[in-house]
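Coordinates as given in protein16.txt (compact mmCIF, C-alpha atoms):
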# COMPACT_ATOMS: atom_id res chain seq x y z
CA MET B 1 0.00 0.00 0.00
CA THR B 2 1.42 3.40 -1.02
CA GLU B 3 1.98 5.99 1.68
CA THR B 4 -0.91 8.34 2.37
CA LEU B 5 -0.90 11.90 1.11
CA SER B 6 0.55 14.66 3.22
CA PRO B 7 -1.55 17.69 4.21
CA ALA B 8 0.31 19.69 1.56
CA ASP B 9 -0.56 17.11 -1.09
CA LEU B 10 -4.21 17.14 -0.03
CA ARG B 11 -4.47 20.80 -0.98
CA GLY B 12 -4.17 19.68 -4.59
CA VAL B 13 -7.36 17.61 -4.25
CA ILE B 14 -10.04 20.11 -5.23
CA ASN B 15 -13.04 17.89 -5.94
CA LEU B 16 -14.21 14.41 -4.98
CA ALA B 17 -13.37 13.00 -8.41
CA ASP B 18 -9.68 13.70 -7.73
CA LEU B 19 -9.69 11.08 -4.97
CA GLU B 20 -10.50 7.98 -7.00
CA PRO B 21 -7.25 7.79 -9.02
CA LEU B 22 -5.29 8.37 -5.81
CA ALA B 23 -7.08 5.45 -4.18
CA ARG B 24 -6.42 3.23 -7.19
CA THR B 25 -2.65 3.58 -6.68
CA ARG B 26 -2.95 2.75 -2.98
CA MET B 27 -5.25 -0.29 -3.03
CA ALA B 28 -4.78 -3.80 -4.37
CA GLY B 29 -6.41 -4.16 -7.78
CA PRO B 30 -9.14 -6.68 -6.87
CA SER B 31 -9.98 -4.70 -3.70
CA PHE B 32 -10.23 -1.46 -5.64
CA ASP B 33 -12.47 -3.10 -8.23
CA TYR B 34 -14.70 -4.54 -5.51
CA VAL B 35 -15.35 -1.04 -4.15
CA ALA B 36 -15.51 0.71 -7.52
CA GLY B 37 -17.59 -1.95 -9.23
CA ALA B 38 -21.27 -2.73 -9.35
CA ALA B 39 -23.61 -5.39 -10.73
CA TRP B 40 -24.05 -6.75 -14.25
CA ASP B 41 -23.28 -3.99 -16.82
CA GLU B 42 -22.98 -1.29 -14.13
CA ILE B 43 -25.69 0.80 -15.79
CA THR B 44 -27.27 1.83 -12.50
CA LEU B 45 -23.84 2.80 -11.16
CA ARG B 46 -23.29 5.23 -14.02
CA GLU B 47 -26.84 6.56 -14.11
CA SER B 48 -26.84 7.24 -10.36
CA GLU B 49 -24.41 10.10 -10.93
CA GLU B 50 -25.86 11.21 -14.23
CA ALA B 51 -29.39 11.50 -12.84
CA TRP B 52 -28.42 14.31 -10.45
CA ARG B 53 -26.73 16.20 -13.29
CA ARG B 54 -29.91 16.25 -15.35
CA TYR B 55 -31.50 18.76 -12.99
CA ARG B 56 -31.10 22.51 -13.47
CA PHE B 57 -31.38 25.31 -10.93
CA VAL B 58 -33.55 28.42 -10.93
CA PRO B 59 -31.54 30.83 -8.75
CA ARG B 60 -33.12 33.78 -6.94
CA VAL B 61 -31.31 37.11 -6.76
CA LEU B 62 -31.02 40.11 -4.46
CA ARG B 63 -31.18 37.98 -1.34
CA ASP B 64 -29.01 38.66 1.69
CA VAL B 65 -26.64 35.69 1.73
CA GLN B 66 -23.82 37.15 3.81
CA HIS B 67 -24.32 34.35 6.33
CA VAL B 68 -25.16 30.83 5.17
CA ASP B 69 -25.97 28.01 7.60
CA LEU B 70 -24.84 24.64 6.23
CA SER B 71 -25.92 22.52 9.19
CA GLY B 72 -28.24 19.55 8.96
CA ARG B 73 -30.12 17.22 11.28
CA PHE B 74 -30.39 13.45 11.33
CA LEU B 75 -32.93 11.79 13.62
CA GLY B 76 -33.18 14.94 15.71
CA ARG B 77 -29.45 15.34 16.21
CA PRO B 78 -27.46 18.24 14.72
CA SER B 79 -24.75 17.71 12.12
CA SER B 80 -22.32 20.30 10.83
CA LEU B 81 -23.41 19.37 7.30
CA PRO B 82 -26.50 17.59 5.97
CA ILE B 83 -24.20 14.69 5.02
CA ALA B 84 -23.48 11.32 6.59
CA ILE B 85 -20.87 8.72 5.67
CA ALA B 86 -22.59 5.70 4.12
CA PRO B 87 -21.88 2.16 5.36
CA MET B 88 -19.14 0.45 3.35
CA ALA B 89 -17.46 -2.92 3.75
CA ALA B 90 -13.99 -3.93 4.88
CA GLN B 91 -12.32 -0.54 5.11
CA ALA B 92 -8.98 -2.09 6.05
CA MET B 93 -8.65 -2.62 2.29
CA ALA B 94 -8.27 1.16 2.04
CA HIS B 95 -6.28 1.98 5.18
CA PRO B 96 -4.76 0.05 8.10
CA GLY B 97 -6.84 2.15 10.51
CA ALA B 98 -9.99 0.96 8.71
CA GLU B 99 -13.35 2.08 10.12
CA ALA B 100 -11.76 3.69 13.19
CA GLU B 101 -9.86 6.04 10.91
CA MET B 102 -13.01 6.76 8.88
CA LEU B 103 -14.91 7.55 12.07
CA ARG B 104 -12.17 9.93 13.22
CA GLY B 105 -12.33 11.77 9.92
CA GLY B 106 -16.10 12.04 10.06
CA ALA B 107 -15.98 13.20 13.67
CA ALA B 108 -13.44 15.89 12.78
CA ALA B 109 -15.81 17.09 10.06
CA GLY B 110 -18.79 16.93 12.43
CA ILE B 111 -20.83 14.48 10.36
CA PRO B 112 -22.39 11.09 11.25
CA PHE B 113 -20.76 7.80 10.31
CA CYS B 114 -22.58 4.54 9.60
CA LEU B 115 -20.66 1.35 10.37
CA SER B 116 -21.31 -1.65 8.15
CA THR B 117 -21.99 -5.12 9.52
CA SER B 118 -19.27 -6.20 7.07
CA SER B 119 -16.64 -4.06 8.78
CA SER B 120 -12.98 -4.87 9.28
CA MET B 121 -13.19 -4.03 13.00
CA THR B 122 -15.63 -4.80 15.76
CA MET B 123 -18.23 -2.17 16.49
CA GLU B 124 -16.80 -1.76 20.01
CA ASP B 125 -13.27 -1.04 18.75
CA VAL B 126 -14.59 1.46 16.21
CA ALA B 127 -16.66 3.25 18.87
CA ALA B 128 -13.59 3.55 21.11
CA ALA B 129 -11.77 5.51 18.38
CA ALA B 130 -14.13 8.51 18.77
CA PRO B 131 -16.55 7.86 21.65
CA GLU B 132 -18.49 11.11 21.27
CA ALA B 133 -18.94 10.87 17.51
CA ASP B 134 -22.42 10.45 16.06
CA ARG B 135 -22.46 6.92 14.67
CA TRP B 136 -25.03 4.42 13.45
CA PHE B 137 -24.89 0.67 12.88
CA GLN B 138 -25.93 -0.77 9.53
CA LEU B 139 -27.49 -4.19 9.98
CA TYR B 140 -27.47 -7.07 7.55
CA ALA B 141 -29.81 -9.79 8.77
CA ILE B 142 -27.32 -12.64 8.54
CA ARG B 143 -27.17 -16.25 9.79
CA ASP B 144 -30.49 -15.98 11.64
CA LEU B 145 -32.58 -13.41 13.49
CA ALA B 146 -31.21 -14.48 16.86
CA TYR B 147 -27.67 -13.61 15.78
CA SER B 148 -28.82 -10.36 14.18
CA ARG B 149 -30.47 -9.43 17.46
CA THR B 150 -27.16 -9.79 19.29
CA LEU B 151 -25.59 -7.34 16.83
CA VAL B 152 -28.31 -4.78 17.48
CA GLN B 153 -27.96 -5.15 21.23
CA ARG B 154 -24.20 -4.82 21.02
CA ALA B 155 -24.58 -1.67 18.93
CA GLU B 156 -26.89 -0.09 21.48
CA ALA B 157 -24.53 -1.00 24.33
CA ALA B 158 -21.59 0.51 22.40
CA GLY B 159 -23.33 3.85 21.98
CA TYR B 160 -24.49 3.66 18.36
CA ARG B 161 -27.48 5.95 17.93
CA ALA B 162 -29.50 4.24 15.19
CA ILE B 163 -29.94 0.94 13.40
CA VAL B 164 -29.84 1.18 9.61
CA LEU B 165 -31.38 -2.01 8.26
CA THR B 166 -30.44 -2.85 4.68
CA VAL B 167 -33.53 -4.23 2.93
CA ASP B 168 -32.41 -4.56 -0.71
CA LEU B 169 -30.21 -7.63 -0.36
CA PRO B 170 -32.32 -10.80 -0.28
CA VAL B 171 -29.57 -12.17 -2.55
CA LEU B 172 -26.38 -10.64 -3.89
CA GLY B 173 -26.27 -8.96 -7.27
CA PHE B 174 -24.25 -10.45 -10.13
CA ARG B 175 -20.86 -8.75 -9.77
CA GLU B 176 -18.71 -9.54 -12.77
CA ARG B 177 -15.61 -7.63 -11.70
CA ASP B 178 -15.25 -9.81 -8.61
CA ARG B 179 -15.79 -13.00 -10.62
CA ARG B 180 -13.08 -11.99 -13.06
CA SER B 181 -10.57 -10.94 -10.40
CA GLY B 182 -11.24 -13.80 -7.99
CA PHE B 183 -11.87 -11.28 -5.21
CA ALA B 184 -13.10 -12.52 -1.84
CA LEU B 185 -13.82 -10.35 1.17
CA PRO B 186 -11.23 -10.59 3.95
CA ALA B 187 -12.15 -11.76 7.45
CA MET B 188 -14.76 -9.55 9.11
CA PRO B 189 -15.58 -9.97 12.81
CA HIS B 190 -19.36 -9.55 12.57
CA MET B 191 -19.70 -11.56 9.37
CA ASP B 192 -17.51 -14.60 9.83
CA ALA B 193 -19.33 -17.67 8.59
CA GLN B 194 -20.07 -20.57 10.88
CA PRO B 195 -17.02 -22.83 11.29
CA ASP B 196 -18.47 -25.68 9.24
CA ALA B 197 -19.73 -23.43 6.40
CA PRO B 198 -17.92 -23.73 3.03
CA PRO B 199 -15.76 -20.74 2.02
CA THR B 200 -17.59 -18.11 -0.02
CA ARG B 201 -16.73 -14.89 -1.83
CA TYR B 202 -18.84 -12.64 0.38
CA GLY B 203 -19.07 -14.56 3.65
CA ALA B 204 -22.38 -14.75 5.48
CA LEU B 205 -24.06 -12.40 2.99
CA GLU B 206 -24.36 -15.26 0.54
CA HIS B 207 -26.83 -16.99 2.84
CA ASP B 208 -29.33 -14.14 3.33
CA ARG B 209 -32.04 -15.77 1.22
CA GLY B 210 -32.64 -18.35 3.93
CA ILE B 211 -33.56 -15.77 6.57
CA GLY B 212 -36.71 -14.59 4.81
CA LEU B 213 -36.67 -10.94 5.90
CA THR B 214 -40.14 -9.45 5.22
CA TRP B 215 -42.34 -6.55 6.30
CA ASP B 216 -43.58 -8.78 9.11
CA THR B 217 -40.04 -8.85 10.51
CA ILE B 218 -39.75 -5.07 10.92
CA ALA B 219 -41.76 -4.90 14.16
CA GLU B 220 -39.61 -7.64 15.66
CA ILE B 221 -36.38 -5.85 14.74
CA ARG B 222 -37.74 -2.62 16.24
CA SER B 223 -38.35 -4.47 19.50
CA TRP B 224 -34.71 -5.46 19.87
CA SER B 225 -33.58 -2.02 21.07
CA SER B 226 -34.73 1.50 21.84
CA LEU B 227 -32.74 2.89 18.92
CA PRO B 228 -34.35 4.59 15.90
CA LEU B 229 -34.78 2.26 12.92
CA VAL B 230 -33.96 3.39 9.38
CA LEU B 231 -34.55 1.26 6.26
CA LYS B 232 -31.87 1.47 3.58
CA GLY B 233 -32.50 0.49 -0.02
CA VAL B 234 -36.03 1.73 -0.79
CA LEU B 235 -36.78 2.76 -4.39
CA SER B 236 -40.53 2.19 -4.57
CA ALA B 237 -43.06 4.77 -3.39
CA ASP B 238 -45.38 1.93 -2.40
CA ASP B 239 -42.65 0.42 -0.22
CA ALA B 240 -41.94 3.83 1.28
CA ARG B 241 -45.62 4.19 2.16
CA ILE B 242 -45.62 0.78 3.86
CA ALA B 243 -42.42 1.62 5.75
CA ALA B 244 -43.80 4.92 7.02
CA GLY B 245 -46.97 3.13 8.08
CA ALA B 246 -44.87 0.60 9.96
CA GLY B 247 -43.44 3.44 12.03
CA VAL B 248 -39.81 3.46 10.89
CA ASP B 249 -37.87 6.60 11.73
CA GLY B 250 -36.22 7.03 8.36
CA ILE B 251 -35.91 5.75 4.81
CA ILE B 252 -32.77 5.82 2.69
CA VAL B 253 -33.54 6.04 -1.01
CA SER B 254 -30.66 3.98 -2.34
CA THR B 255 -29.55 1.67 -5.15
CA HIS B 256 -26.91 0.04 -2.94
CA GLY B 257 -24.26 1.71 -5.06
CA GLY B 258 -25.62 -0.04 -8.16
CA ARG B 259 -24.36 -3.29 -6.67
CA GLN B 260 -27.67 -5.18 -6.52
CA LEU B 261 -30.23 -5.10 -9.36
CA ASP B 262 -28.69 -3.40 -12.36
CA ARG B 263 -31.00 -1.19 -14.46
CA SER B 264 -32.80 -0.13 -11.28
CA VAL B 265 -34.11 3.41 -11.24
CA SER B 266 -31.76 6.05 -9.86
CA SER B 267 -32.34 7.57 -6.44
CA ALA B 268 -32.60 11.04 -7.96
CA ASP B 269 -35.41 9.93 -10.26
CA VAL B 270 -37.68 8.49 -7.56
CA LEU B 271 -36.81 10.69 -4.59
CA ALA B 272 -39.64 13.22 -4.98
CA GLU B 273 -42.25 10.48 -5.39
CA ILE B 274 -41.01 8.72 -2.26
CA VAL B 275 -41.04 11.96 -0.28
CA GLY B 276 -44.65 12.45 -1.35
CA ALA B 277 -45.59 8.92 -0.34
CA VAL B 278 -44.02 9.31 3.10
CA ASP B 279 -45.79 12.66 3.62
CA GLY B 280 -43.65 13.75 6.55
CA ARG B 281 -44.14 10.60 8.63
CA CYS B 282 -40.40 9.85 8.70
CA GLU B 283 -37.12 11.27 7.48
CA VAL B 284 -36.02 10.59 3.90
CA TRP B 285 -32.34 10.49 3.05
CA ALA B 286 -30.88 10.28 -0.45
CA ASP B 287 -27.98 7.95 -1.22
CA GLY B 288 -26.28 7.10 -4.47
CA GLY B 289 -24.19 9.06 -6.95
CA ILE B 290 -23.83 12.22 -4.87
CA ARG B 291 -20.50 13.70 -5.88
CA ARG B 292 -21.02 17.47 -5.67
CA GLY B 293 -22.49 20.03 -3.32
CA LEU B 294 -24.85 20.76 -6.20
CA ASP B 295 -26.18 17.19 -5.95
CA ILE B 296 -26.94 17.75 -2.27
CA VAL B 297 -28.89 20.91 -3.07
CA ALA B 298 -30.85 19.04 -5.74
CA ALA B 299 -31.67 16.27 -3.26
CA PHE B 300 -33.02 18.77 -0.75
CA ALA B 301 -35.03 20.55 -3.43
CA LEU B 302 -36.63 17.16 -4.15
CA GLY B 303 -37.54 16.78 -0.48
CA ALA B 304 -34.65 14.88 1.12
CA THR B 305 -33.86 15.70 4.74
CA GLY B 306 -30.27 14.45 4.48
CA VAL B 307 -27.85 12.67 2.15
CA LEU B 308 -25.34 9.83 2.42
CA VAL B 309 -22.04 9.76 0.52
CA GLY B 310 -20.14 6.51 0.07
CA ARG B 311 -17.35 5.76 -2.38
CA PRO B 312 -15.71 9.23 -2.31
CA PHE B 313 -15.11 8.84 1.42
CA TYR B 314 -13.65 5.36 0.82
CA TRP B 315 -11.25 6.83 -1.74
CA ALA B 316 -10.43 9.64 0.68
CA LEU B 317 -9.62 7.10 3.39
CA ALA B 318 -7.29 5.26 1.02
CA ALA B 319 -5.61 8.49 -0.05
CA ALA B 320 -4.96 10.09 3.33
CA GLY B 321 -6.73 8.36 6.20
CA ALA B 322 -8.79 10.47 8.57
CA ALA B 323 -7.30 13.66 7.12
CA GLY B 324 -8.50 12.62 3.68
CA VAL B 325 -12.02 11.96 4.96
CA GLU B 326 -12.11 15.35 6.66
CA HIS B 327 -10.78 16.98 3.48
CA ALA B 328 -13.48 15.33 1.36
CA ALA B 329 -16.11 16.73 3.71
CA SER B 330 -14.50 20.17 3.50
CA ILE B 331 -14.75 20.06 -0.31
CA LEU B 332 -18.47 19.41 -0.06
CA ARG B 333 -18.76 22.13 2.57
CA THR B 334 -17.19 24.70 0.23
CA GLU B 335 -19.29 23.63 -2.73
CA LEU B 336 -22.47 23.66 -0.68
CA ASP B 337 -21.75 27.08 0.77
CA LEU B 338 -21.26 28.59 -2.68
CA ALA B 339 -24.27 26.79 -4.16
CA LEU B 340 -26.66 27.99 -1.47
CA ALA B 341 -25.45 31.59 -1.74
CA LEU B 342 -25.79 31.56 -5.52
CA LEU B 343 -29.31 30.14 -5.22
CA GLY B 344 -30.26 32.90 -2.81
CA CYS B 345 -30.63 30.59 0.19
CA THR B 346 -29.21 31.06 3.68
CA SER B 347 -29.86 27.50 4.92
CA MET B 348 -30.82 24.04 3.73
CA GLY B 349 -34.31 24.73 5.03
CA GLU B 350 -34.78 27.38 2.35
CA VAL B 351 -34.08 24.97 -0.51
CA ARG B 352 -37.45 24.36 -2.14
CA ARG B 353 -38.76 22.55 -5.21
CA ASP B 354 -39.27 25.78 -7.14
CA LEU B 355 -35.48 26.25 -7.27
CA LEU B 356 -35.13 23.11 -9.39
CA HIS B 357 -36.03 22.46 -13.01
CA ARG B 358 -35.93 19.17 -14.90
CA PRO B 359 -35.57 19.75 -18.65
CA ARG B 360 -37.61 17.41 -20.82

Take the structure in the file and give it back as structure tokens.
Amino acid sequence: MTETLSPADLRGVINLADLEPLARTRMAGPSFDYVAGAAWDEITLRESEEAWRRYRFVPRVLRDVQHVDLSGRFLGRPSSLPIAIAPMAAQAMAHPGAEAEMLRGGAAAGIPFCLSTSSSMTMEDVAAAAPEADRWFQLYAIRDLAYSRTLVQRAEAAGYRAIVLTVDLPVLGFRERDRRSGFALPAMPHMDAQPDAPPTRYGALEHDRGIGLTWDTIAEIRSWSSLPLVLKGVLSADDARIAAGAGVDGIIVSTHGGRQLDRSVSSADVLAEIVGAVDGRCEVWADGGIRRGLDIVAAFALGATGVLVGRPFYWALAAAGAAGVEHAASILRTELDLALALLGCTSMGEVRRDLLHRPR
């Protein structure tokens, strides 16, 4: 693994796209492709970014924008930005400090961090790296519900402040890059298969079909802890309506990074419909393809109450550890500050649908 960038070198990274080639030189090829890749022809991966770019802004002028408030809120808690770090697997592939280093970077930037079940470190060791940081635990229902319950209870005991249940992975998508490279996930403490299970490419995730996670399971999972429950991976307005009716605290409109069903609709294209279906009954966060502060503004104009950013933070971790993660957040902070001022807004709360236009 190549040495991480120095603070002086980081100053040359001026947008999130600059981070990916830096990560490529610092990660093993199959590991890089696992993170960068998606399912089948990777159409959804590409369209997730393109969909945000199709929107156009209608700026207002002669507004007093001397002071712009960039803060956000997630589940009632303040965040310095309306951005959270999305859950991502096996971060030791990017940096020896793994998820602990990612958490430190997010904490320095003042934004929440979501730890994946498929992490390189235990949730307790990650929490110890920044005990006061706002952090959530992303849950894959693996092995069986009894084991999943122990993960939730451990997360609550370790001070995680929400459970983010991934609901779009009844089976794994067809990931050709991994099949070509022979990639297999390294050992992960929460995901290690049972001792007598045959070796697999993705560990316990390859056995999810047998658990049978359904809408009837949601109430049971809610009962496992007092933590807020957020569902990640919703793209259907009908599903969003059911989720809100089931009393979840939040929905993440997400394509799972394009890694599940290719040719799925993009988050940007269904966000407004999902917001309408939820009708204020829970928070709605947008995830997938967000690479610019402008994308964040578009998401809020469509009704999102927060956004998650994934791969760019992974690349930032590979490039420069916690300092890289903090720098990536600072790039989005600068872009967001300028975008709001140019739109005539002094806070995220002033971003409305009439500031956005979708050309035919």

Any chance you could work out the axis-aligned box around region 315-334 of chain B, listed atoms only, 8 Å on each side, giving centre and edge lengths in Å to one decimal, as JSON?
{"center_x": -11.9, "center_y": 15.0, "center_z": 3.4, "size_x": 29.8, "size_y": 35.4, "size_z": 26.3}

May I have the residues within 12 Å of Asp216 (chain B) as a ChimeraX atom specification, using all atoms listed in the file and disregarding those fewer than 6 positions away in the same chain?
/B:222,242-243,246

Extract, using all atoms listed in the file, all DNA, RNA and protein residues at most 9 Å from Glu176 (chain B), discarding same-chain residues fewer than 5 positions from it, and format them as a short mmCIF file (atom, residue, chain, number, x, y, z; two decimals) with C-alpha atoms, in the coordinates of the input.
data_model
loop_
_atom_site.label_atom_id
_atom_site.label_comp_id
_atom_site.auth_asym_id
_atom_site.auth_seq_id
_atom_site.Cartn_x
_atom_site.Cartn_y
_atom_site.Cartn_z
CA GLY B 37 -17.59 -1.95 -9.23
CA ALA B 38 -21.27 -2.73 -9.35
CA ALA B 39 -23.61 -5.39 -10.73
CA TRP B 40 -24.05 -6.75 -14.25
CA ASP B 41 -23.28 -3.99 -16.82
CA SER B 181 -10.57 -10.94 -10.40
#

Choose the residue, out of B:Gly258, B:Gly173, B:Pro82, B:Gly310, that has the smallest atom-to-atom separation from Gly110 (chain B); count only C-alpha atoms.
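Ranked by minimum distance to Gly110 (chain B), first place goes to B:Pro82.
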
Let me make sure I understand: among B:Leu10, B:Ala51, B:Ala299, B:Ile43, which one has the smallest atom-to-atom distance to Pro359 (chain B) if we use only C-alpha atoms?
B:Ala51

Test item: residues at most 10 Å from Leu355 (chain B), all atoms listed in the file, excluding those fewer than 5 positions along its chain, as a PyMOL selection string
chain B and resi 56-60+297-298+301-302+343-345+350

Residue neighbourhood region 259-271 of chain B, 9 Å, all atoms listed in the file, exclusion window fewer than 6 positions, as a PyMOL selection string
chain B and resi 37-45+47-52+168-169+171-175+234-237+253+284-289+298-299+302-304

Selection near Met93 (chain B), 10 Å with only C-alpha atoms, sequence-local residues under 6 positions removed, as a PyMOL selection string:
chain B and resi 1+26-28+31-32+35+120+185-186+314+317-318

Would you mind reading off the distance between CA of Val248 (chain B) and CA of Val325 (chain B), one decimal, in Å?
29.7 Å

Shortest interatomic distance to Ile14 (chain B) - which of B:Asp249, B:Gly349, B:Arg360, B:Arg292, counting only C-alpha atoms
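Residue with the minimum atom-to-atom distance to Ile14 (chain B): B:Arg292.
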
Considering all atoms listed in the file, state which residue in the set B:Ile290, B:Leu19, B:Ala129, B:Ala240 is at the smallest distance from Ala316 (chain B).
B:Leu19

Quick one: of B:Arg11, B:His95, B:Arg73, B:Lys232, who's nearest to Cys114 (chain B), counting all atoms listed in the file?
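Of all the options, B:Lys232 lies closest to Cys114 (chain B).
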
Nearest to Leu5 (chain B) among B:Arg333, B:His67, B:Arg358, B:His327, with distances taken over all atoms listed in the file: which residue is it?
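When distances to Leu5 (chain B) are compared using all atoms listed in the file, the smallest one comes from B:His327.
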
Atomic separation - CA of Val275 (chain B) relative to CA of Pro78 (chain B), Å
21.2 Å

By how many Å are CA of Tyr147 (chain B) and CA of Thr214 (chain B) apart?
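We find that CA of Tyr147 (chain B) and CA of Thr214 (chain B) lie 16.9 Å from each other.
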
For the point (-18.6, -5.4, 7.8) in file coordinates, what residues are within 12 Å, counting all atoms listed in the file? Give the answer as a PyMOL selection string?
chain B and resi 87-93+98-99+114-123+126+137-140+142+151+185-192+202-205

If you keep C-alpha atoms, can you produce a file of those selected residues as a compact mmCIF listing (two decimals), in the frame of the given file?
# COMPACT_ATOMS: atom_id res chain seq x y z
CA PRO B 87 -21.88 2.16 5.36
CA MET B 88 -19.14 0.45 3.35
CA ALA B 89 -17.46 -2.92 3.75
CA ALA B 90 -13.99 -3.93 4.88
CA GLN B 91 -12.32 -0.54 5.11
CA ALA B 92 -8.98 -2.09 6.05
CA MET B 93 -8.65 -2.62 2.29
CA ALA B 98 -9.99 0.96 8.71
CA GLU B 99 -13.35 2.08 10.12
CA CYS B 114 -22.58 4.54 9.60
CA LEU B 115 -20.66 1.35 10.37
CA SER B 116 -21.31 -1.65 8.15
CA THR B 117 -21.99 -5.12 9.52
CA SER B 118 -19.27 -6.20 7.07
CA SER B 119 -16.64 -4.06 8.78
CA SER B 120 -12.98 -4.87 9.28
CA MET B 121 -13.19 -4.03 13.00
CA THR B 122 -15.63 -4.80 15.76
CA MET B 123 -18.23 -2.17 16.49
CA VAL B 126 -14.59 1.46 16.21
CA PHE B 137 -24.89 0.67 12.88
CA GLN B 138 -25.93 -0.77 9.53
CA LEU B 139 -27.49 -4.19 9.98
CA TYR B 140 -27.47 -7.07 7.55
CA ILE B 142 -27.32 -12.64 8.54
CA LEU B 151 -25.59 -7.34 16.83
CA LEU B 185 -13.82 -10.35 1.17
CA PRO B 186 -11.23 -10.59 3.95
CA ALA B 187 -12.15 -11.76 7.45
CA MET B 188 -14.76 -9.55 9.11
CA PRO B 189 -15.58 -9.97 12.81
CA HIS B 190 -19.36 -9.55 12.57
CA MET B 191 -19.70 -11.56 9.37
CA ASP B 192 -17.51 -14.60 9.83
CA TYR B 202 -18.84 -12.64 0.38
CA GLY B 203 -19.07 -14.56 3.65
CA ALA B 204 -22.38 -14.75 5.48
CA LEU B 205 -24.06 -12.40 2.99
